[in-house]
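First the structure, in the form of C-alpha coordinates, and then the observations on it.
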Amino acid sequence: MLAKLMSFLLLGVVRFLTGSQARWYGCPPKAEQRIYFANHQSHADMVLIWAALPEELRSITRPIAAKDYWTKTPFRQWITTAVFNAVYVDRQATPPRAALAAPADGAGVLGDMARAAADADTAMAGGPDPSPEAPPRAPTPEELRAALPPGDPLAPLVRALESGDSIVIFPEGTRGHGDEPQPFKSGLFKLAQMFPHVVLVPAWINNVQRVMPKGEVVPVPILCSVTFGAPIALERGEDRRPFLNRARAAVLALRDI
(Lines give C-alpha, C1' and ligand atoms only; values in the text may rest on other atoms or scores of the structure.)
Protein backbone atom coordinates (compact mmCIF):
# COMPACT_ATOMS: atom_id res chain seq x y z
CA MET A 1 0.00 0.00 0.00
CA LEU A 2 2.81 2.42 0.86
CA ALA A 3 4.52 1.68 -2.46
CA LYS A 4 1.25 2.30 -4.32
CA LEU A 5 0.75 5.64 -2.58
CA MET A 6 4.33 6.63 -3.33
CA SER A 7 3.81 5.67 -6.95
CA PHE A 8 0.78 7.99 -7.25
CA LEU A 9 2.64 10.79 -5.46
CA LEU A 10 5.72 10.42 -7.62
CA LEU A 11 3.67 10.37 -10.81
CA GLY A 12 1.99 13.60 -9.74
CA VAL A 13 5.29 15.30 -8.92
CA VAL A 14 6.96 14.18 -12.16
CA ARG A 15 4.04 15.25 -14.30
CA PHE A 16 3.83 18.60 -12.51
CA LEU A 17 7.54 19.28 -13.01
CA THR A 18 7.96 17.92 -16.54
CA GLY A 19 4.58 17.32 -18.15
CA SER A 20 5.91 13.81 -18.86
CA GLN A 21 4.54 13.72 -22.39
CA ALA A 22 4.67 10.37 -24.17
CA ARG A 23 4.66 10.57 -27.96
CA TRP A 24 4.15 7.28 -29.80
CA TYR A 25 5.31 7.97 -33.36
CA GLY A 26 6.67 4.64 -34.51
CA CYS A 27 4.57 2.15 -32.57
CA PRO A 28 1.52 2.13 -30.30
CA PRO A 29 1.71 1.44 -26.57
CA LYS A 30 1.17 -2.32 -26.48
CA ALA A 31 1.39 -4.96 -23.78
CA GLU A 32 4.03 -7.09 -25.49
CA GLN A 33 7.51 -7.90 -24.27
CA ARG A 34 9.84 -5.08 -25.26
CA ILE A 35 13.29 -3.66 -24.72
CA TYR A 36 13.02 0.13 -24.70
CA PHE A 37 16.42 1.71 -25.36
CA ALA A 38 16.97 5.45 -24.94
CA ASN A 39 19.52 8.24 -24.64
CA HIS A 40 20.90 8.88 -21.16
CA GLN A 41 21.68 12.33 -19.72
CA SER A 42 20.41 12.25 -16.14
CA HIS A 43 19.57 9.93 -13.26
CA ALA A 44 16.03 11.25 -13.76
CA ASP A 45 15.84 9.47 -17.15
CA MET A 46 14.65 6.31 -15.45
CA VAL A 47 11.90 8.19 -13.60
CA LEU A 48 10.72 10.13 -16.65
CA ILE A 49 10.42 7.16 -18.99
CA TRP A 50 8.65 5.19 -16.24
CA ALA A 51 6.16 8.03 -15.76
CA ALA A 52 5.61 8.39 -19.52
CA LEU A 53 4.43 4.79 -19.93
CA PRO A 54 0.72 4.00 -19.56
CA GLU A 55 -0.21 2.30 -16.30
CA GLU A 56 -0.73 -1.10 -17.93
CA LEU A 57 2.80 -0.97 -19.37
CA ARG A 58 4.45 0.35 -16.20
CA SER A 59 3.35 -2.76 -14.35
CA ILE A 60 5.23 -5.05 -16.78
CA THR A 61 8.22 -2.82 -17.57
CA ARG A 62 11.31 -2.70 -15.39
CA PRO A 63 13.82 0.16 -15.76
CA ILE A 64 17.51 -0.48 -15.34
CA ALA A 65 19.13 1.26 -12.34
CA ALA A 66 22.82 1.71 -11.56
CA LYS A 67 23.32 -0.26 -8.35
CA ASP A 68 26.06 1.98 -6.94
CA TYR A 69 23.86 5.09 -7.19
CA TRP A 70 20.35 3.80 -6.46
CA THR A 71 21.31 1.72 -3.41
CA LYS A 72 23.42 4.45 -1.80
CA THR A 73 20.66 5.31 0.70
CA PRO A 74 17.84 3.16 2.13
CA PHE A 75 15.21 5.47 0.58
CA ARG A 76 16.69 5.24 -2.91
CA GLN A 77 16.87 1.48 -2.61
CA TRP A 78 13.30 1.23 -1.36
CA ILE A 79 11.84 3.45 -4.09
CA THR A 80 13.68 1.69 -6.92
CA THR A 81 12.67 -1.71 -5.56
CA ALA A 82 9.12 -1.12 -4.30
CA VAL A 83 7.93 1.57 -6.72
CA PHE A 84 9.91 1.13 -9.95
CA ASN A 85 10.60 -2.62 -9.62
CA ALA A 86 13.97 -1.74 -11.15
CA VAL A 87 16.68 -4.14 -12.24
CA TYR A 88 19.98 -3.26 -10.56
CA VAL A 89 23.09 -3.35 -12.73
CA ASP A 90 26.58 -3.33 -11.28
CA ARG A 91 28.55 -0.96 -13.49
CA GLN A 92 31.84 -2.05 -11.92
CA ALA A 93 31.58 -5.73 -12.82
CA THR A 94 34.25 -7.07 -15.16
CA PRO A 95 33.30 -10.59 -16.28
CA PRO A 96 35.92 -12.90 -17.78
CA ARG A 97 36.15 -12.22 -21.50
CA ALA A 98 36.42 -15.89 -22.41
CA ALA A 99 33.02 -16.63 -20.88
CA LEU A 100 31.10 -13.91 -22.69
CA ALA A 101 28.44 -14.80 -25.23
CA ALA A 102 29.78 -15.64 -28.66
CA PRO A 103 29.34 -13.21 -31.53
CA ALA A 104 26.79 -13.79 -34.25
CA ASP A 105 29.21 -15.59 -36.58
CA GLY A 106 29.62 -18.45 -34.06
CA ALA A 107 33.16 -17.59 -32.95
CA GLY A 108 34.17 -17.86 -29.32
CA VAL A 109 33.54 -20.44 -26.61
CA LEU A 110 30.18 -21.69 -27.85
CA GLY A 111 31.37 -21.98 -31.44
CA ASP A 112 34.44 -23.97 -30.37
CA MET A 113 32.30 -26.26 -28.22
CA ALA A 114 29.84 -26.87 -31.04
CA ARG A 115 32.62 -27.69 -33.52
CA ALA A 116 34.39 -30.01 -31.05
CA ALA A 117 31.17 -31.89 -30.31
CA ALA A 118 30.38 -32.29 -33.99
CA ASP A 119 33.90 -33.58 -34.72
CA ALA A 120 33.67 -36.09 -31.86
CA ASP A 121 30.30 -37.40 -33.05
CA THR A 122 31.62 -37.89 -36.56
CA ALA A 123 34.72 -39.75 -35.37
CA MET A 124 32.72 -42.03 -33.05
CA ALA A 125 30.38 -42.95 -35.88
CA GLY A 126 33.32 -44.12 -37.97
CA GLY A 127 32.63 -41.56 -40.65
CA PRO A 128 35.07 -39.45 -42.61
CA ASP A 129 37.11 -36.74 -41.00
CA PRO A 130 35.13 -33.51 -40.74
CA SER A 131 35.89 -30.92 -43.37
CA PRO A 132 37.91 -28.02 -41.97
CA GLU A 133 36.10 -25.71 -44.39
CA ALA A 134 32.68 -26.47 -42.91
CA PRO A 135 31.14 -23.23 -41.59
CA PRO A 136 30.69 -23.17 -37.81
CA ARG A 137 27.17 -23.39 -36.44
CA ALA A 138 25.93 -20.19 -34.87
CA PRO A 139 24.97 -20.66 -31.19
CA THR A 140 21.29 -20.58 -30.36
CA PRO A 141 19.80 -17.87 -28.10
CA GLU A 142 19.45 -20.50 -25.36
CA GLU A 143 23.15 -21.40 -25.64
CA LEU A 144 24.14 -17.75 -25.51
CA ARG A 145 22.14 -17.23 -22.32
CA ALA A 146 23.54 -20.40 -20.74
CA ALA A 147 27.11 -19.26 -21.46
CA LEU A 148 26.64 -15.94 -19.70
CA PRO A 149 28.53 -15.91 -16.36
CA PRO A 150 26.40 -15.16 -13.26
CA GLY A 151 28.56 -12.11 -12.50
CA ASP A 152 28.15 -10.55 -15.94
CA PRO A 153 26.44 -7.10 -15.81
CA LEU A 154 23.85 -8.41 -18.28
CA ALA A 155 22.83 -11.33 -16.05
CA PRO A 156 20.10 -9.42 -14.11
CA LEU A 157 18.64 -8.16 -17.41
CA VAL A 158 18.63 -11.67 -18.84
CA ARG A 159 16.78 -12.97 -15.79
CA ALA A 160 14.18 -10.19 -16.09
CA LEU A 161 13.60 -10.95 -19.76
CA GLU A 162 13.44 -14.69 -19.13
CA SER A 163 10.67 -14.04 -16.60
CA GLY A 164 8.65 -12.24 -19.29
CA ASP A 165 9.21 -8.63 -18.20
CA SER A 166 9.94 -5.72 -20.51
CA ILE A 167 12.94 -3.55 -19.64
CA VAL A 168 14.24 -0.01 -20.21
CA ILE A 169 17.96 0.31 -20.88
CA PHE A 170 20.41 3.09 -21.74
CA PRO A 171 22.94 1.59 -24.18
CA GLU A 172 25.47 4.42 -23.71
CA GLY A 173 26.24 2.86 -20.33
CA THR A 174 26.87 6.23 -18.70
CA ARG A 175 25.36 9.69 -18.93
CA GLY A 176 26.22 11.79 -21.96
CA HIS A 177 27.07 15.49 -21.85
CA GLY A 178 26.42 16.58 -25.44
CA ASP A 179 23.44 16.90 -27.74
CA GLU A 180 23.96 13.44 -29.20
CA PRO A 181 24.20 10.02 -27.54
CA GLN A 182 27.62 8.51 -27.06
CA PRO A 183 28.45 5.35 -29.05
CA PHE A 184 26.33 2.45 -27.82
CA LYS A 185 28.01 -0.33 -25.88
CA SER A 186 27.54 -3.98 -26.76
CA GLY A 187 24.82 -4.90 -24.21
CA LEU A 188 21.89 -4.14 -26.53
CA PHE A 189 23.43 -6.29 -29.27
CA LYS A 190 23.93 -9.24 -26.91
CA LEU A 191 20.36 -8.99 -25.61
CA ALA A 192 19.04 -8.87 -29.18
CA GLN A 193 20.96 -12.09 -29.89
CA MET A 194 19.69 -13.80 -26.76
CA PHE A 195 16.05 -12.70 -27.13
CA PRO A 196 15.24 -12.41 -30.84
CA HIS A 197 11.49 -12.48 -30.12
CA VAL A 198 11.56 -9.37 -27.89
CA VAL A 199 10.58 -6.13 -29.65
CA LEU A 200 13.31 -3.44 -29.64
CA VAL A 201 11.80 0.06 -29.34
CA PRO A 202 13.99 3.20 -29.56
CA ALA A 203 13.10 6.23 -27.44
CA TRP A 204 14.34 9.80 -27.18
CA ILE A 205 14.12 11.54 -23.80
CA ASN A 206 14.04 15.30 -24.28
CA ASN A 207 15.04 18.05 -21.82
CA VAL A 208 15.33 15.92 -18.69
CA GLN A 209 18.97 16.95 -18.15
CA ARG A 210 17.70 20.51 -17.56
CA VAL A 211 15.28 19.31 -14.88
CA MET A 212 18.00 17.64 -12.84
CA PRO A 213 21.47 18.77 -13.98
CA LYS A 214 24.42 16.71 -12.82
CA GLY A 215 25.35 17.56 -9.22
CA GLU A 216 22.03 19.25 -8.43
CA VAL A 217 19.48 17.97 -5.92
CA VAL A 218 16.57 20.37 -6.48
CA PRO A 219 14.61 19.78 -9.71
CA VAL A 220 13.60 22.66 -11.99
CA PRO A 221 10.18 22.66 -13.73
CA ILE A 222 10.87 22.11 -17.45
CA LEU A 223 8.56 20.61 -20.07
CA CYS A 224 9.92 17.18 -21.06
CA SER A 225 8.83 14.44 -23.40
CA VAL A 226 9.61 10.86 -24.36
CA THR A 227 9.25 9.99 -28.05
CA PHE A 228 8.94 6.29 -28.95
CA GLY A 229 9.97 5.24 -32.45
CA ALA A 230 9.50 2.35 -34.83
CA PRO A 231 10.90 -0.97 -33.60
CA ILE A 232 14.13 -2.31 -35.05
CA ALA A 233 15.44 -5.87 -35.21
CA LEU A 234 18.81 -7.58 -35.41
CA GLU A 235 19.19 -8.79 -38.98
CA ARG A 236 20.50 -12.26 -39.76
CA GLY A 237 24.29 -12.15 -39.86
CA GLU A 238 24.46 -8.50 -38.82
CA ASP A 239 27.63 -7.65 -36.92
CA ARG A 240 27.79 -5.88 -33.59
CA ARG A 241 28.98 -2.41 -34.57
CA PRO A 242 26.68 -1.92 -37.61
CA PHE A 243 23.71 -2.95 -35.47
CA LEU A 244 24.67 -0.62 -32.60
CA ASN A 245 25.22 2.26 -35.02
CA ARG A 246 21.80 1.62 -36.54
CA ALA A 247 20.19 1.48 -33.08
CA ARG A 248 21.84 4.75 -32.08
CA ALA A 249 20.67 6.36 -35.34
CA ALA A 250 17.10 5.20 -34.61
CA VAL A 251 17.22 6.98 -31.23
CA LEU A 252 18.81 10.10 -32.66
CA ALA A 253 16.23 10.31 -35.45
CA LEU A 254 13.53 10.89 -32.82
CA ARG A 255 15.22 14.02 -31.45
CA ASP A 256 13.60 16.49 -33.84
CA ILE A 257 10.18 14.87 -34.20
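Naming works like this for the C-alpha coordinates: A, B, ... for the chains as they're shown, residue 1 at the start of each chain, ligands 1 onward in shown order.
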Identify, on the basis of only C-alpha atoms, every residue whose closest approach to range 237-249 of chain A does not exceed 9 Å; exclude the query and any residue fewer than 2 positions from it along the same chain; express the result as a CSV table (one decimal) with N, CA and C atoms, in the first residue's frame.
chain,number,residue,atom,x,y,z
A,37,PHE,N,15.1,1.2,-25.5
A,37,PHE,CA,16.4,1.7,-25.4
A,37,PHE,C,16.4,3.2,-25.7
A,38,ALA,N,17.1,4.0,-24.8
A,38,ALA,CA,17.0,5.4,-24.9
A,38,ALA,C,18.3,6.1,-24.7
A,39,ASN,N,18.4,7.4,-25.0
A,39,ASN,CA,19.5,8.2,-24.6
A,39,ASN,C,19.6,8.4,-23.1
A,103,PRO,N,29.9,-14.1,-30.6
A,103,PRO,CA,29.3,-13.2,-31.5
A,103,PRO,C,28.5,-14.0,-32.5
A,104,ALA,N,27.8,-13.2,-33.4
A,104,ALA,CA,26.8,-13.8,-34.2
A,104,ALA,C,27.4,-14.8,-35.2
A,105,ASP,N,28.6,-14.7,-35.6
A,105,ASP,CA,29.2,-15.6,-36.6
A,105,ASP,C,29.6,-17.0,-36.0
A,171,PRO,N,21.8,2.3,-23.6
A,171,PRO,CA,22.9,1.6,-24.2
A,171,PRO,C,24.3,2.4,-24.1
A,181,PRO,N,23.8,11.1,-28.4
A,181,PRO,CA,24.2,10.0,-27.5
A,181,PRO,C,25.6,9.6,-27.9
A,182,GLN,N,26.3,9.1,-26.8
A,182,GLN,CA,27.6,8.5,-27.1
A,182,GLN,C,27.5,7.2,-27.8
A,183,PRO,N,28.5,6.7,-28.4
A,183,PRO,CA,28.4,5.3,-29.0
A,183,PRO,C,27.9,4.3,-28.1
A,184,PHE,N,27.0,3.5,-28.6
A,184,PHE,CA,26.3,2.5,-27.8
A,184,PHE,C,27.3,1.3,-27.5
A,185,LYS,N,27.2,0.8,-26.3
A,185,LYS,CA,28.0,-0.3,-25.9
A,185,LYS,C,27.3,-1.6,-26.3
A,186,SER,N,28.0,-2.7,-26.1
A,186,SER,CA,27.5,-4.0,-26.8
A,186,SER,C,26.3,-4.7,-26.1
A,188,LEU,N,23.1,-4.0,-25.7
A,188,LEU,CA,21.9,-4.1,-26.5
A,188,LEU,C,22.0,-5.2,-27.6
A,189,PHE,N,23.2,-5.3,-28.2
A,189,PHE,CA,23.4,-6.3,-29.3
A,189,PHE,C,23.3,-7.7,-28.7
A,190,LYS,N,24.0,-7.9,-27.5
A,190,LYS,CA,23.9,-9.2,-26.9
A,190,LYS,C,22.5,-9.6,-26.5
A,202,PRO,N,13.2,2.0,-29.9
A,202,PRO,CA,14.0,3.2,-29.6
A,202,PRO,C,13.2,4.3,-28.9
A,232,ILE,N,13.1,-1.8,-34.2
A,232,ILE,CA,14.1,-2.3,-35.0
A,232,ILE,C,14.4,-3.8,-34.7
A,233,ALA,N,15.1,-4.5,-35.5
A,233,ALA,CA,15.4,-5.9,-35.2
A,233,ALA,C,16.9,-6.2,-35.7
A,234,LEU,N,17.5,-7.1,-35.0
A,234,LEU,CA,18.8,-7.6,-35.4
A,234,LEU,C,18.6,-8.4,-36.6
A,235,GLU,N,19.3,-8.0,-37.7
A,235,GLU,CA,19.2,-8.8,-39.0
A,235,GLU,C,20.1,-10.0,-38.9
A,251,VAL,N,17.5,6.1,-32.4
A,251,VAL,CA,17.2,7.0,-31.2
A,251,VAL,C,17.4,8.4,-31.6
A,252,LEU,N,18.5,8.7,-32.3
A,252,LEU,CA,18.8,10.1,-32.7
A,252,LEU,C,17.8,10.7,-33.6
A,253,ALA,N,17.2,9.8,-34.5
A,253,ALA,CA,16.2,10.3,-35.4
A,253,ALA,C,15.0,10.8,-34.8
A,254,LEU,N,14.7,10.5,-33.5
A,254,LEU,CA,13.5,10.9,-32.8
A,254,LEU,C,13.7,12.3,-32.2
Open item on the list: Neighbouring residues of range 55-71 of chain A were defined as those with any atom within 9 Å, considering only C-alpha atoms; residues of the same chain fewer than 5 positions away were excluded. Please report them as a ChimeraX atom specification.
Closed with: /A:29-36,43,46-47,49-50,76-80,84-92,157,160,164-170
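For the pair CA of Glu172 in chain A and CA of Ser225 in chain A, the separation is 19.4 Å.
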Open item on the list: I'd like the neighbourhood of Asn206 in chain A as a VMD selection string, where a residue qualifies if any of its atoms comes within 8 Å (using only C-alpha atoms), though same-chain residues fewer than 4 positions away should be ignored.
Closed with: chain A and resid 224 to 226 255
Serialized selection, N, CA, C and O atoms, as an mmCIF file, in the first residue's frame:
data_model
loop_
_atom_site.group_PDB
_atom_site.id
_atom_site.type_symbol
_atom_site.label_atom_id
_atom_site.label_comp_id
_atom_site.auth_asym_id
_atom_site.auth_seq_id
_atom_site.Cartn_x
_atom_site.Cartn_y
_atom_site.Cartn_z
ATOM 1 N N CYS A 224 9.147 18.288 -20.503
ATOM 2 C CA CYS A 224 9.924 17.180 -21.059
ATOM 3 C C CYS A 224 9.003 16.235 -21.829
ATOM 4 O O CYS A 224 7.779 16.266 -21.667
ATOM 5 N N SER A 225 9.614 15.414 -22.639
ATOM 6 C CA SER A 225 8.830 14.438 -23.401
ATOM 7 C C SER A 225 9.665 13.198 -23.665
ATOM 8 O O SER A 225 10.900 13.237 -23.623
ATOM 9 N N VAL A 226 8.969 12.106 -23.932
ATOM 10 C CA VAL A 226 9.609 10.858 -24.363
ATOM 11 C C VAL A 226 8.958 10.454 -25.678
ATOM 12 O O VAL A 226 7.742 10.272 -25.741
ATOM 13 N N ARG A 255 14.924 12.776 -32.163
ATOM 14 C CA ARG A 255 15.218 14.022 -31.447
ATOM 15 C C ARG A 255 14.404 15.197 -31.957
ATOM 16 O O ARG A 255 13.931 16.030 -31.170
#
Open item on the list: as a ChimeraX atom specification, please: the residues near Arg145 in chain A (cut-off 12 Å, only C-alpha atoms, same-chain neighbours under 3 positions excluded).
Closed with: /A:99-102,110,139-142,148-150,152,154-159,161-162,190-196
Task: Interatomic distance, CA of Asp256 in chain A to CA of Trp24 in chain A (Å, one decimal) - done: 13.8 Å
Open item on the list: Please compute the CA of Gln41 in chain A-CA of Pro54 in chain A distance, one decimal, in Å.
Closed with: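 Distance reported for this atom pair: 22.6 Å.
Across range 4-36 of chain A, DSSP run on the backbone finds helix (DSSP H, G or I) at Lys4, Leu5, Met6, Ser7, Phe8, Leu9, Leu10, Leu11, Gly12, Val13, Val14, Arg15, Phe16, Leu17 and Thr18 of chain A.
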Just N, CA and C atoms for this one: save the residues we selected as a PDB file, in the first residue's frame.
ATOM      1  N   LYS A   4       2.267   1.807  -3.396  1.00  0.00           N
ATOM      2  CA  LYS A   4       1.245   2.301  -4.315  1.00  0.00           C
ATOM      3  C   LYS A   4       1.009   3.789  -4.103  1.00  0.00           C
ATOM      4  N   LEU A   5       0.934   4.214  -2.870  1.00  0.00           N
ATOM      5  CA  LEU A   5       0.749   5.638  -2.576  1.00  0.00           C
ATOM      6  C   LEU A   5       1.947   6.458  -3.069  1.00  0.00           C
ATOM      7  N   MET A   6       3.146   5.933  -2.855  1.00  0.00           N
ATOM      8  CA  MET A   6       4.335   6.634  -3.327  1.00  0.00           C
ATOM      9  C   MET A   6       4.344   6.712  -4.847  1.00  0.00           C
ATOM     10  N   SER A   7       3.871   5.669  -5.497  1.00  0.00           N
ATOM     11  CA  SER A   7       3.807   5.672  -6.953  1.00  0.00           C
ATOM     12  C   SER A   7       2.900   6.788  -7.455  1.00  0.00           C
ATOM     13  N   PHE A   8       1.708   6.918  -6.857  1.00  0.00           N
ATOM     14  CA  PHE A   8       0.780   7.987  -7.253  1.00  0.00           C
ATOM     15  C   PHE A   8       1.389   9.360  -6.979  1.00  0.00           C
ATOM     16  N   LEU A   9       2.029   9.505  -5.815  1.00  0.00           N
ATOM     17  CA  LEU A   9       2.643  10.785  -5.460  1.00  0.00           C
ATOM     18  C   LEU A   9       3.759  11.139  -6.430  1.00  0.00           C
ATOM     19  N   LEU A  10       4.596  10.170  -6.733  1.00  0.00           N
ATOM     20  CA  LEU A  10       5.724  10.419  -7.624  1.00  0.00           C
ATOM     21  C   LEU A  10       5.242  10.756  -9.031  1.00  0.00           C
ATOM     22  N   LEU A  11       4.227  10.063  -9.502  1.00  0.00           N
ATOM     23  CA  LEU A  11       3.672  10.373 -10.815  1.00  0.00           C
ATOM     24  C   LEU A  11       3.173  11.811 -10.863  1.00  0.00           C
ATOM     25  N   GLY A  12       2.489  12.235  -9.790  1.00  0.00           N
ATOM     26  CA  GLY A  12       1.985  13.602  -9.736  1.00  0.00           C
ATOM     27  C   GLY A  12       3.104  14.626  -9.751  1.00  0.00           C
ATOM     28  N   VAL A  13       4.161  14.360  -8.988  1.00  0.00           N
ATOM     29  CA  VAL A  13       5.286  15.300  -8.925  1.00  0.00           C
ATOM     30  C   VAL A  13       5.995  15.377 -10.267  1.00  0.00           C
ATOM     31  N   VAL A  14       6.249  14.211 -10.873  1.00  0.00           N
ATOM     32  CA  VAL A  14       6.963  14.178 -12.156  1.00  0.00           C
ATOM     33  C   VAL A  14       6.156  14.876 -13.232  1.00  0.00           C
ATOM     34  N   ARG A  15       4.866  14.631 -13.269  1.00  0.00           N
ATOM     35  CA  ARG A  15       4.038  15.252 -14.296  1.00  0.00           C
ATOM     36  C   ARG A  15       3.873  16.747 -14.057  1.00  0.00           C
ATOM     37  N   PHE A  16       3.896  17.167 -12.809  1.00  0.00           N
ATOM     38  CA  PHE A  16       3.830  18.598 -12.512  1.00  0.00           C
ATOM     39  C   PHE A  16       5.117  19.301 -12.953  1.00  0.00           C
ATOM     40  N   LEU A  17       6.261  18.662 -12.686  1.00  0.00           N
ATOM     41  CA  LEU A  17       7.543  19.282 -13.011  1.00  0.00           C
ATOM     42  C   LEU A  17       7.886  19.226 -14.489  1.00  0.00           C
ATOM     43  N   THR A  18       7.480  18.150 -15.177  1.00  0.00           N
ATOM     44  CA  THR A  18       7.960  17.919 -16.540  1.00  0.00           C
ATOM     45  C   THR A  18       6.865  17.811 -17.591  1.00  0.00           C
TER      46      THR A  18
END
Open item on the list: Need to verify the contact set: Cys27 in chain A, 9 Å, only C-alpha atoms, exclusion of same-chain residues closer than 5 positions in sequence. Can you return it as a PyMOL selection string?
Closed with: chain A and resi 201+228-231
Task: Nearest to Arg23 in chain A, chosen from A:Gly173, A:Ser42, A:Thr227, A:Glu143, with only C-alpha atoms counted in the distances - done: A:Thr227
